[in-house]
$ cat start-v5.csv   # CSV, N, CA and C atoms
chain,number,residue,atom,x,y,z
J,1,GLN,N,12.2,13.5,-11.6
J,1,GLN,CA,11.8,13.4,-10.2
J,1,GLN,C,11.0,12.2,-9.9
J,2,VAL,N,11.3,11.5,-8.8
J,2,VAL,CA,10.6,10.3,-8.5
J,2,VAL,C,9.4,10.7,-7.6
J,3,GLN,N,8.2,10.2,-8.0
J,3,GLN,CA,7.0,10.5,-7.2
J,3,GLN,C,6.2,9.2,-7.1
J,4,LEU,N,5.5,9.1,-5.9
J,4,LEU,CA,4.5,8.1,-5.7
J,4,LEU,C,3.2,8.9,-5.2
J,5,VAL,N,2.2,8.8,-6.0
J,5,VAL,CA,1.0,9.5,-5.7
J,5,VAL,C,-0.2,8.6,-5.4
J,6,GLU,N,-0.7,8.6,-4.1
J,6,GLU,CA,-1.8,7.8,-3.7
J,6,GLU,C,-3.1,8.4,-4.0
J,7,SER,N,-4.1,7.6,-4.1
J,7,SER,CA,-5.5,8.1,-4.2
J,7,SER,C,-6.4,7.0,-3.7
J,8,GLY,N,-7.6,7.4,-3.3
J,8,GLY,CA,-8.6,6.4,-3.0
J,8,GLY,C,-9.0,6.2,-1.5
J,9,GLY,N,-8.4,7.0,-0.6
J,9,GLY,CA,-8.7,6.8,0.8
J,9,GLY,C,-10.1,7.4,1.0
J,10,GLY,N,-10.6,7.3,2.3
J,10,GLY,CA,-11.8,7.8,2.6
J,10,GLY,C,-12.4,7.2,3.9
J,11,SER,N,-13.6,7.5,4.2
J,11,SER,CA,-14.3,7.0,5.4
J,11,SER,C,-15.4,6.0,5.0
J,12,VAL,N,-15.4,4.9,5.7
J,12,VAL,CA,-16.4,3.9,5.5
J,12,VAL,C,-16.9,3.2,6.8
J,13,GLN,N,-17.9,2.5,6.7
J,13,GLN,CA,-18.4,1.7,7.8
J,13,GLN,C,-17.7,0.4,7.9
J,14,ALA,N,-17.7,-0.2,9.0
J,14,ALA,CA,-17.1,-1.6,9.2
J,14,ALA,C,-17.8,-2.5,8.2
J,15,GLY,N,-17.0,-3.4,7.6
J,15,GLY,CA,-17.6,-4.4,6.6
J,15,GLY,C,-17.6,-3.9,5.2
J,16,GLU,N,-17.4,-2.6,5.0
J,16,GLU,CA,-17.4,-2.1,3.6
J,16,GLU,C,-16.0,-2.2,3.0
J,17,SER,N,-15.9,-1.7,1.8
J,17,SER,CA,-14.6,-1.9,1.0
J,17,SER,C,-14.1,-0.5,0.5
J,18,LEU,N,-12.8,-0.5,0.3
J,18,LEU,CA,-12.2,0.7,-0.3
J,18,LEU,C,-11.1,0.2,-1.2
J,19,SER,N,-10.8,1.0,-2.2
J,19,SER,CA,-9.6,0.7,-3.1
J,19,SER,C,-8.7,1.8,-3.1
J,20,LEU,N,-7.4,1.5,-3.0
J,20,LEU,CA,-6.3,2.5,-3.1
J,20,LEU,C,-5.5,2.3,-4.3
J,21,SER,N,-5.0,3.4,-4.9
J,21,SER,CA,-4.1,3.3,-6.0
J,21,SER,C,-2.9,4.1,-5.8
J,22,CYS,N,-1.8,3.8,-6.3
J,22,CYS,CA,-0.5,4.5,-6.2
J,22,CYS,C,0.1,4.5,-7.6
J,23,ALA,N,0.2,5.7,-8.1
J,23,ALA,CA,0.9,5.9,-9.4
J,23,ALA,C,2.3,6.4,-9.3
J,24,ALA,N,3.2,5.6,-9.8
J,24,ALA,CA,4.6,6.0,-9.7
J,24,ALA,C,5.1,6.7,-11.0
J,25,SER,N,6.1,7.5,-10.8
J,25,SER,CA,6.7,8.2,-11.9
J,25,SER,C,8.2,8.4,-11.6
J,26,GLY,N,9.0,8.5,-12.7
J,26,GLY,CA,10.4,8.9,-12.5
J,26,GLY,C,11.3,7.7,-12.4
J,27,THR,N,10.8,6.5,-12.1
J,27,THR,CA,11.7,5.4,-12.1
J,27,THR,C,10.8,4.1,-12.0
J,28,MET,N,11.4,3.0,-12.2
J,28,MET,CA,10.7,1.7,-12.0
J,28,MET,C,11.1,1.1,-10.6
J,29,PHE,N,10.2,0.4,-10.0
J,29,PHE,CA,10.5,-0.2,-8.7
J,29,PHE,C,10.5,-1.7,-8.7
J,30,ARG,N,11.5,-2.2,-8.0
J,30,ARG,CA,11.6,-3.7,-7.9
J,30,ARG,C,10.5,-4.2,-7.0
J,31,ILE,N,10.2,-3.5,-6.0
J,31,ILE,CA,9.1,-3.9,-5.1
J,31,ILE,C,8.2,-2.7,-4.9
J,32,MET,N,6.9,-2.9,-4.9
J,32,MET,CA,6.0,-1.8,-4.5
J,32,MET,C,5.0,-2.4,-3.4
J,33,GLY,N,4.6,-1.5,-2.6
J,33,GLY,CA,3.8,-2.0,-1.5
J,33,GLY,C,3.1,-0.9,-0.7
J,34,TRP,N,2.3,-1.3,0.3
J,34,TRP,CA,1.6,-0.4,1.1
J,34,TRP,C,1.9,-0.7,2.6
J,35,TYR,N,2.1,0.4,3.3
J,35,TYR,CA,2.3,0.5,4.7
J,35,TYR,C,1.2,1.3,5.3
J,36,ARG,N,1.0,1.2,6.6
J,36,ARG,CA,0.0,2.0,7.3
J,36,ARG,C,0.5,2.4,8.7
J,37,GLN,N,0.0,3.6,9.1
J,37,GLN,CA,0.4,4.1,10.4
J,37,GLN,C,-0.8,4.6,11.1
J,38,ALA,N,-1.2,4.0,12.2
J,38,ALA,CA,-2.3,4.4,13.1
J,38,ALA,C,-1.8,5.4,14.1
J,39,PRO,N,-2.6,6.3,14.6
J,39,PRO,CA,-2.1,7.2,15.7
J,39,PRO,C,-1.5,6.6,16.8
J,40,GLY,N,-0.3,7.0,17.2
J,40,GLY,CA,0.4,6.5,18.3
J,40,GLY,C,1.1,5.1,18.1
J,41,LYS,N,1.1,4.7,16.8
J,41,LYS,CA,1.7,3.4,16.5
J,41,LYS,C,2.8,3.5,15.4
J,42,GLN,N,3.6,2.5,15.3
J,42,GLN,CA,4.6,2.6,14.3
J,42,GLN,C,4.1,2.2,13.0
J,43,ARG,N,4.7,2.7,11.9
J,43,ARG,CA,4.3,2.3,10.6
J,43,ARG,C,4.6,0.8,10.4
J,44,GLU,N,3.6,0.1,9.8
J,44,GLU,CA,3.7,-1.3,9.6
J,44,GLU,C,3.4,-1.7,8.1
J,45,LEU,N,4.0,-2.8,7.7
J,45,LEU,CA,3.7,-3.3,6.4
J,45,LEU,C,2.3,-3.8,6.3
J,46,VAL,N,1.6,-3.5,5.2
J,46,VAL,CA,0.3,-4.1,4.9
J,46,VAL,C,0.5,-5.2,3.9
J,47,ALA,N,1.2,-4.9,2.8
J,47,ALA,CA,1.4,-5.9,1.7
J,47,ALA,C,2.4,-5.3,0.8
J,48,HIS,N,3.2,-6.2,0.1
J,48,HIS,CA,4.1,-5.7,-0.9
J,48,HIS,C,4.1,-6.8,-2.0
J,49,ILE,N,4.5,-6.4,-3.2
J,49,ILE,CA,4.5,-7.2,-4.4
J,49,ILE,C,5.7,-6.9,-5.2
J,50,ASN,N,6.5,-7.9,-5.7
J,50,ASN,CA,7.6,-7.6,-6.5
J,50,ASN,C,7.3,-7.6,-8.0
J,51,SER,N,8.3,-7.3,-8.8
J,51,SER,CA,8.0,-7.2,-10.2
J,51,SER,C,7.6,-8.5,-10.9
J,52,ASP,N,7.9,-9.7,-10.2
J,52,ASP,CA,7.4,-11.0,-10.7
J,52,ASP,C,6.0,-11.4,-10.2
J,53,GLY,N,5.5,-10.5,-9.4
J,53,GLY,CA,4.1,-10.8,-8.8
J,53,GLY,C,4.1,-11.6,-7.5
J,54,ASN,N,5.3,-11.8,-6.9
J,54,ASN,CA,5.3,-12.4,-5.6
J,54,ASN,C,4.8,-11.5,-4.5
J,55,ILE,N,3.9,-12.0,-3.7
J,55,ILE,CA,3.2,-11.1,-2.7
J,55,ILE,C,3.4,-11.6,-1.3
J,56,ASN,N,3.5,-10.6,-0.4
J,56,ASN,CA,3.5,-10.8,1.0
J,56,ASN,C,2.5,-9.9,1.7
J,57,TYR,N,1.7,-10.5,2.6
J,57,TYR,CA,0.7,-9.8,3.3
J,57,TYR,C,1.0,-9.9,4.8
J,58,ALA,N,0.6,-8.8,5.5
J,58,ALA,CA,0.5,-8.9,7.0
J,58,ALA,C,-0.6,-9.8,7.4
J,59,ASP,N,-0.3,-10.6,8.5
J,59,ASP,CA,-1.3,-11.5,8.9
J,59,ASP,C,-2.7,-10.9,9.2
J,60,SER,N,-2.7,-9.6,9.6
J,60,SER,CA,-3.9,-9.0,10.0
J,60,SER,C,-4.8,-8.6,8.8
J,61,VAL,N,-4.3,-8.7,7.6
J,61,VAL,CA,-5.1,-8.3,6.4
J,61,VAL,C,-5.3,-9.5,5.4
J,62,LYS,N,-4.6,-10.6,5.7
J,62,LYS,CA,-4.7,-11.8,4.8
J,62,LYS,C,-6.2,-12.1,4.7
J,63,ASP,N,-6.6,-12.5,3.5
J,63,ASP,CA,-8.0,-12.9,3.1
J,63,ASP,C,-8.9,-11.8,3.1
J,64,ARG,N,-8.5,-10.5,3.4
J,64,ARG,CA,-9.4,-9.4,3.3
J,64,ARG,C,-8.9,-8.4,2.2
J,65,PHE,N,-7.5,-8.2,2.2
J,65,PHE,CA,-6.9,-7.2,1.3
J,65,PHE,C,-6.3,-7.9,0.1
J,66,THR,N,-6.2,-7.3,-1.0
J,66,THR,CA,-5.6,-7.8,-2.2
J,66,THR,C,-4.7,-6.7,-2.8
J,67,ILE,N,-3.4,-7.0,-3.0
J,67,ILE,CA,-2.5,-6.1,-3.6
J,67,ILE,C,-2.3,-6.6,-5.1
J,68,SER,N,-2.1,-5.6,-6.0
J,68,SER,CA,-1.8,-6.0,-7.4
J,68,SER,C,-1.0,-4.8,-8.0
J,69,ARG,N,-0.4,-5.1,-9.1
J,69,ARG,CA,0.4,-4.0,-9.7
J,69,ARG,C,0.3,-4.2,-11.2
J,70,ASP,N,0.3,-3.0,-11.9
J,70,ASP,CA,0.3,-3.0,-13.3
J,70,ASP,C,1.7,-2.4,-13.7
J,71,ASN,N,2.6,-3.2,-14.1
J,71,ASN,CA,4.0,-2.7,-14.4
J,71,ASN,C,4.0,-1.8,-15.6
J,72,ALA,N,3.1,-2.0,-16.6
J,72,ALA,CA,3.0,-1.1,-17.7
J,72,ALA,C,2.6,0.3,-17.3
J,73,LYS,N,1.8,0.4,-16.3
J,73,LYS,CA,1.3,1.7,-15.8
J,73,LYS,C,2.1,2.2,-14.6
J,74,ASN,N,3.0,1.3,-14.1
J,74,ASN,CA,3.8,1.7,-13.0
J,74,ASN,C,2.9,2.1,-11.8
J,75,THR,N,1.9,1.3,-11.6
J,75,THR,CA,0.9,1.5,-10.6
J,75,THR,C,0.7,0.3,-9.7
J,76,VAL,N,0.5,0.5,-8.4
J,76,VAL,CA,0.1,-0.5,-7.5
J,76,VAL,C,-1.2,-0.2,-6.9
J,77,TYR,N,-2.0,-1.3,-6.6
J,77,TYR,CA,-3.3,-1.1,-6.1
J,77,TYR,C,-3.5,-1.9,-4.8
J,78,LEU,N,-4.4,-1.5,-4.0
J,78,LEU,CA,-4.8,-2.2,-2.8
J,78,LEU,C,-6.3,-2.3,-2.7
J,79,GLN,N,-6.9,-3.4,-2.8
J,79,GLN,CA,-8.3,-3.6,-2.6
J,79,GLN,C,-8.5,-4.1,-1.2
J,80,MET,N,-9.3,-3.3,-0.5
J,80,MET,CA,-9.5,-3.6,0.9
J,80,MET,C,-11.0,-4.0,1.2
J,81,ASN,N,-11.3,-5.2,1.5
J,81,ASN,CA,-12.6,-5.7,1.8
J,81,ASN,C,-12.8,-6.0,3.3
J,82,SER,N,-14.0,-6.1,3.7
J,82,SER,CA,-14.4,-6.4,5.1
J,82,SER,C,-13.6,-5.5,6.1
J,83,LEU,N,-13.6,-4.3,5.8
J,83,LEU,CA,-12.8,-3.4,6.7
J,83,LEU,C,-13.2,-3.4,8.1
J,84,LYS,N,-12.3,-3.2,9.0
J,84,LYS,CA,-12.5,-3.2,10.4
J,84,LYS,C,-12.0,-1.8,11.0
J,85,PRO,N,-12.6,-1.4,12.1
J,85,PRO,CA,-12.1,-0.2,12.7
J,85,PRO,C,-10.6,-0.2,13.0
J,86,GLU,N,-10.0,-1.3,13.2
J,86,GLU,CA,-8.6,-1.4,13.5
J,86,GLU,C,-7.8,-1.2,12.2
J,87,ASP,N,-8.4,-1.1,11.1
J,87,ASP,CA,-7.7,-0.8,9.8
J,87,ASP,C,-7.5,0.7,9.6
J,88,THR,N,-8.2,1.5,10.5
J,88,THR,CA,-8.0,2.9,10.4
J,88,THR,C,-6.6,3.4,10.6
J,89,ALA,N,-6.1,4.1,9.6
J,89,ALA,CA,-4.7,4.5,9.6
J,89,ALA,C,-4.5,5.4,8.4
J,90,VAL,N,-3.3,6.0,8.3
J,90,VAL,CA,-2.8,6.7,7.1
J,90,VAL,C,-2.1,5.6,6.3
J,91,TYR,N,-2.4,5.4,5.1
J,91,TYR,CA,-1.8,4.4,4.3
J,91,TYR,C,-0.8,5.0,3.3
J,92,TYR,N,0.4,4.4,3.3
J,92,TYR,CA,1.5,5.0,2.5
J,92,TYR,C,1.9,4.0,1.4
J,93,CYS,N,2.0,4.5,0.2
J,93,CYS,CA,2.6,3.7,-0.8
J,93,CYS,C,4.1,3.7,-0.7
J,94,ASN,N,4.7,2.6,-1.0
J,94,ASN,CA,6.2,2.5,-0.9
J,94,ASN,C,6.8,1.8,-2.1
J,95,GLY,N,7.9,2.3,-2.6
J,95,GLY,CA,8.6,1.7,-3.7
J,95,GLY,C,10.1,1.5,-3.4
J,96,ILE,N,10.6,0.3,-3.7
J,96,ILE,CA,12.0,0.1,-3.6
J,96,ILE,C,12.6,0.0,-5.0
J,97,ARG,N,13.5,0.9,-5.3
J,97,ARG,CA,14.0,1.1,-6.6
J,97,ARG,C,15.0,0.0,-7.0
J,98,TRP,N,15.0,-0.3,-8.3
J,98,TRP,CA,15.9,-1.3,-8.9
J,98,TRP,C,17.4,-0.7,-8.7
J,99,GLY,N,18.3,-1.6,-8.5
J,99,GLY,CA,19.7,-1.2,-8.5
J,99,GLY,C,20.2,-0.7,-7.1
J,100,ASN,N,19.8,0.5,-6.7
J,100,ASN,CA,20.3,1.0,-5.4
J,100,ASN,C,19.4,0.7,-4.2
J,101,ASN,N,18.2,0.1,-4.5
J,101,ASN,CA,17.3,-0.3,-3.4
J,101,ASN,C,16.9,0.9,-2.5
J,102,LEU,N,16.9,2.1,-3.1
J,102,LEU,CA,16.4,3.2,-2.3
J,102,LEU,C,14.9,3.1,-2.1
J,103,ASN,N,14.5,3.5,-0.9
J,103,ASN,CA,13.0,3.5,-0.6
J,103,ASN,C,12.4,4.9,-0.9
J,104,TYR,N,11.3,4.8,-1.5
J,104,TYR,CA,10.5,6.1,-1.8
J,104,TYR,C,9.1,5.9,-1.2
J,105,TRP,N,8.5,7.0,-0.8
J,105,TRP,CA,7.2,7.0,-0.1
J,105,TRP,C,6.3,8.0,-0.7
J,106,GLY,N,5.0,7.7,-0.8
J,106,GLY,CA,4.0,8.6,-1.1
J,106,GLY,C,3.6,9.5,0.0
J,107,GLN,N,2.7,10.4,-0.2
J,107,GLN,CA,2.4,11.4,0.8
J,107,GLN,C,1.4,10.8,1.9
J,108,GLY,N,0.8,9.7,1.6
J,108,GLY,CA,-0.2,9.1,2.5
J,108,GLY,C,-1.6,9.4,2.2
J,109,THR,N,-2.5,8.5,2.5
J,109,THR,CA,-3.9,8.8,2.3
J,109,THR,C,-4.7,8.2,3.5
J,110,GLN,N,-5.6,8.9,4.0
J,110,GLN,CA,-6.3,8.5,5.3
J,110,GLN,C,-7.4,7.5,4.9
J,111,VAL,N,-7.4,6.4,5.7
J,111,VAL,CA,-8.5,5.5,5.7
J,111,VAL,C,-9.1,5.4,7.1
J,112,THR,N,-10.4,5.7,7.2
J,112,THR,CA,-11.1,5.7,8.5
J,112,THR,C,-12.3,4.7,8.4
J,113,VAL,N,-12.3,3.8,9.3
J,113,VAL,CA,-13.4,2.8,9.4
J,113,VAL,C,-14.1,2.9,10.7
J,114,SER,N,-15.4,3.2,10.6
J,114,SER,CA,-16.2,3.4,11.8
J,114,SER,C,-17.0,2.2,12.1
J,115,SER,N,-17.3,1.9,13.4
J,115,SER,CA,-18.1,0.7,13.8
J,115,SER,C,-19.6,1.0,13.8
$ encode --input "start-v5.csv" --output "structure tokens"
Amino acid sequence: QVQLVESGGGSVQAGESLSLSCAASGTMFRIMGWYRQAPGKQRELVAHINSDGNINYADSVKDRFTISRDNAKNTVYLQMNSLKPEDTAVYYCNGIRWGNNLNYWGQGTQVTVSS
């Protein structure tokens, strides 16, 4: 069974930091990443990283967030610094599988940033 299990969300003040982790099991992923969805808004890409370490960030998080992955642990991380209230959302881990390119999602973890 393929699973993506996030951890590390929470509530912080603006300017503070949080770290998210996503542990995958059941398969290896060509691309792993993070998306977020704020109330009343569409889910949007935050950052993704492929197996070679190539990274793409949303403009809104560049220079504040850092994505990384440990292929041996099949885990992807998101370090979020200088958090802003507009970063408040449910953050979802995403994986795109090798071969069939199927998308898999974690259950989501809430990040709340207060001003």
$ residues_around --input "start-v5.csv" --residues "region 14-23 of chain J" --least-positions-apart "5" --cutoff "5 Å" --atoms "all atoms listed in the file" --output "list in words"
Leu4, Val5, Glu6, Ser7, Gly8, Asn74, Thr75, Val76, Tyr77, Leu78, Gln79, Met80, Asn81, Ser82, Leu83, Lys84, Ser114 and Ser115 of chain J
$ residues_near_point --input "start-v5.csv" --point "(-4.4, -2.0, 11.5)" --cutoff "12 Å" --atoms "only C-alpha atoms" --output "ChimeraX atom specification"
/J:35-46,58-62,65,80,83-91,111-113
$ atom_distance --input "start-v5.csv" --atom1 "atom N of Met28 (chain J)" --atom2 "CA of Asn50 (chain J)"
12.6 Å
$ residues_around --input "start-v5.csv" --residues "Arg97 (chain J)" --least-positions-apart "4" --cutoff "8 Å" --atoms "all atoms listed in the file" --output "PyMOL selection string"
chain J and resi 27-32+101-104
$ write_last_selection --input "start-v5.csv" --atoms "N, CA and C atoms" --output "PDB file, in the coordinates of the input"
ATOM      1  N   THR J  27      10.800   6.500 -12.100  1.00  0.00           N
ATOM      2  CA  THR J  27      11.700   5.400 -12.100  1.00  0.00           C
ATOM      3  C   THR J  27      10.800   4.100 -12.000  1.00  0.00           C
ATOM      4  N   MET J  28      11.400   3.000 -12.200  1.00  0.00           N
ATOM      5  CA  MET J  28      10.700   1.700 -12.000  1.00  0.00           C
ATOM      6  C   MET J  28      11.100   1.100 -10.600  1.00  0.00           C
ATOM      7  N   PHE J  29      10.200   0.400 -10.000  1.00  0.00           N
ATOM      8  CA  PHE J  29      10.500  -0.200  -8.700  1.00  0.00           C
ATOM      9  C   PHE J  29      10.500  -1.700  -8.700  1.00  0.00           C
ATOM     10  N   ARG J  30      11.500  -2.200  -8.000  1.00  0.00           N
ATOM     11  CA  ARG J  30      11.600  -3.700  -7.900  1.00  0.00           C
ATOM     12  C   ARG J  30      10.500  -4.200  -7.000  1.00  0.00           C
ATOM     13  N   ILE J  31      10.200  -3.500  -6.000  1.00  0.00           N
ATOM     14  CA  ILE J  31       9.100  -3.900  -5.100  1.00  0.00           C
ATOM     15  C   ILE J  31       8.200  -2.700  -4.900  1.00  0.00           C
ATOM     16  N   MET J  32       6.900  -2.900  -4.900  1.00  0.00           N
ATOM     17  CA  MET J  32       6.000  -1.800  -4.500  1.00  0.00           C
ATOM     18  C   MET J  32       5.000  -2.400  -3.400  1.00  0.00           C
ATOM     19  N   ASN J 101      18.200   0.100  -4.500  1.00  0.00           N
ATOM     20  CA  ASN J 101      17.300  -0.300  -3.400  1.00  0.00           C
ATOM     21  C   ASN J 101      16.900   0.900  -2.500  1.00  0.00           C
ATOM     22  N   LEU J 102      16.900   2.100  -3.100  1.00  0.00           N
ATOM     23  CA  LEU J 102      16.400   3.200  -2.300  1.00  0.00           C
ATOM     24  C   LEU J 102      14.900   3.100  -2.100  1.00  0.00           C
ATOM     25  N   ASN J 103      14.500   3.500  -0.900  1.00  0.00           N
ATOM     26  CA  ASN J 103      13.000   3.500  -0.600  1.00  0.00           C
ATOM     27  C   ASN J 103      12.400   4.900  -0.900  1.00  0.00           C
ATOM     28  N   TYR J 104      11.300   4.800  -1.500  1.00  0.00           N
ATOM     29  CA  TYR J 104      10.500   6.100  -1.800  1.00  0.00           C
ATOM     30  C   TYR J 104       9.100   5.900  -1.200  1.00  0.00           C
TER      31      TYR J 104
END
$ atom_distance --input "start-v5.csv" --atom1 "CA of Gly26 (chain J)" --atom2 "atom N of Gln3 (chain J)"
5.2 Å
$ atom_distance --input "start-v5.csv" --atom1 "CA of Arg69 (chain J)" --atom2 "CA of Trp34 (chain J)"
11.4 Å
$ select_by_dssp --input "start-v5.csv" --residues "chain J" --states "strand (DSSP E)" --output "VMD selection string"
chain J and resid 3 to 7 10 to 13 18 to 25 29 to 37 44 to 50 55 to 57 65 to 70 75 to 80 89 to 97 103 to 105 109 to 114
$ closest_residue --input "start-v5.csv" --among "J:Ile55, J:Val12, J:Cys93, J:Ala72" --to "Gly108 (chain J)" --atoms "only C-alpha atoms"
J:Cys93
$ build_atoms --input "start-v5.csv" --residues "region 38-47 of chain J" --atoms "all heavy atoms" --output "mmCIF file, in the frame of the given file"
data_model
loop_
_atom_site.group_PDB
_atom_site.id
_atom_site.type_symbol
_atom_site.label_atom_id
_atom_site.label_comp_id
_atom_site.auth_asym_id
_atom_site.auth_seq_id
_atom_site.Cartn_x
_atom_site.Cartn_y
_atom_site.Cartn_z
ATOM 1 N N ALA J 38 -1.200 4.000 12.200
ATOM 2 C CA ALA J 38 -2.300 4.400 13.100
ATOM 3 C C ALA J 38 -1.800 5.400 14.100
ATOM 4 O O ALA J 38 -0.560 5.374 14.444
ATOM 5 C CB ALA J 38 -2.965 3.257 13.716
ATOM 6 N N PRO J 39 -2.600 6.300 14.600
ATOM 7 C CA PRO J 39 -2.100 7.200 15.700
ATOM 8 C C PRO J 39 -1.500 6.600 16.800
ATOM 9 O O PRO J 39 -2.013 5.589 17.384
ATOM 10 C CB PRO J 39 -3.448 7.932 16.077
ATOM 11 C CG PRO J 39 -4.337 7.798 14.903
ATOM 12 C CD PRO J 39 -4.012 6.469 14.295
ATOM 13 N N GLY J 40 -0.300 7.000 17.200
ATOM 14 C CA GLY J 40 0.400 6.500 18.300
ATOM 15 C C GLY J 40 1.100 5.100 18.100
ATOM 16 O O GLY J 40 1.672 4.551 18.992
ATOM 17 N N LYS J 41 1.100 4.700 16.800
ATOM 18 C CA LYS J 41 1.700 3.400 16.500
ATOM 19 C C LYS J 41 2.800 3.500 15.400
ATOM 20 O O LYS J 41 2.805 4.537 14.723
ATOM 21 C CB LYS J 41 0.623 2.389 16.034
ATOM 22 C CG LYS J 41 -0.389 2.009 17.099
ATOM 23 C CD LYS J 41 -1.272 0.874 16.620
ATOM 24 C CE LYS J 41 -2.222 0.429 17.720
ATOM 25 N NZ LYS J 41 -3.073 -0.716 17.283
ATOM 26 N N GLN J 42 3.600 2.500 15.300
ATOM 27 C CA GLN J 42 4.600 2.600 14.300
ATOM 28 C C GLN J 42 4.100 2.200 13.000
ATOM 29 O O GLN J 42 3.036 1.528 12.856
ATOM 30 C CB GLN J 42 5.743 1.545 14.684
ATOM 31 C CG GLN J 42 6.616 1.972 15.849
ATOM 32 C CD GLN J 42 7.824 1.068 16.014
ATOM 33 O OE1 GLN J 42 7.789 -0.117 15.699
ATOM 34 N NE2 GLN J 42 8.921 1.635 16.489
ATOM 35 N N ARG J 43 4.700 2.700 11.900
ATOM 36 C CA ARG J 43 4.300 2.300 10.600
ATOM 37 C C ARG J 43 4.600 0.800 10.400
ATOM 38 O O ARG J 43 5.613 0.272 10.788
ATOM 39 C CB ARG J 43 5.150 3.108 9.556
ATOM 40 C CG ARG J 43 4.629 3.022 8.144
ATOM 41 C CD ARG J 43 5.352 3.975 7.218
ATOM 42 N NE ARG J 43 5.139 5.370 7.598
ATOM 43 C CZ ARG J 43 5.523 6.404 6.858
ATOM 44 N NH1 ARG J 43 6.127 6.198 5.689
ATOM 45 N NH2 ARG J 43 5.296 7.639 7.274
ATOM 46 N N GLU J 44 3.600 0.100 9.800
ATOM 47 C CA GLU J 44 3.700 -1.300 9.600
ATOM 48 C C GLU J 44 3.400 -1.700 8.100
ATOM 49 O O GLU J 44 2.609 -1.028 7.455
ATOM 50 C CB GLU J 44 2.747 -2.041 10.521
ATOM 51 C CG GLU J 44 1.285 -1.747 10.287
ATOM 52 C CD GLU J 44 0.355 -2.547 11.184
ATOM 53 O OE1 GLU J 44 0.824 -3.268 12.067
ATOM 54 O OE2 GLU J 44 -0.878 -2.450 10.956
ATOM 55 N N LEU J 45 4.000 -2.800 7.700
ATOM 56 C CA LEU J 45 3.700 -3.300 6.400
ATOM 57 C C LEU J 45 2.300 -3.800 6.300
ATOM 58 O O LEU J 45 1.839 -4.554 7.195
ATOM 59 C CB LEU J 45 4.718 -4.452 6.067
ATOM 60 C CG LEU J 45 4.451 -5.211 4.775
ATOM 61 C CD1 LEU J 45 4.747 -4.335 3.568
ATOM 62 C CD2 LEU J 45 5.275 -6.486 4.734
ATOM 63 N N VAL J 46 1.600 -3.500 5.200
ATOM 64 C CA VAL J 46 0.300 -4.100 4.900
ATOM 65 C C VAL J 46 0.500 -5.200 3.900
ATOM 66 O O VAL J 46 0.086 -6.348 4.106
ATOM 67 C CB VAL J 46 -0.642 -3.033 4.370
ATOM 68 C CG1 VAL J 46 -1.955 -3.668 3.953
ATOM 69 C CG2 VAL J 46 -0.864 -1.930 5.400
ATOM 70 N N ALA J 47 1.200 -4.900 2.800
ATOM 71 C CA ALA J 47 1.400 -5.900 1.700
ATOM 72 C C ALA J 47 2.400 -5.300 0.800
ATOM 73 O O ALA J 47 2.529 -4.087 0.614
ATOM 74 C CB ALA J 47 0.123 -6.210 0.974
#
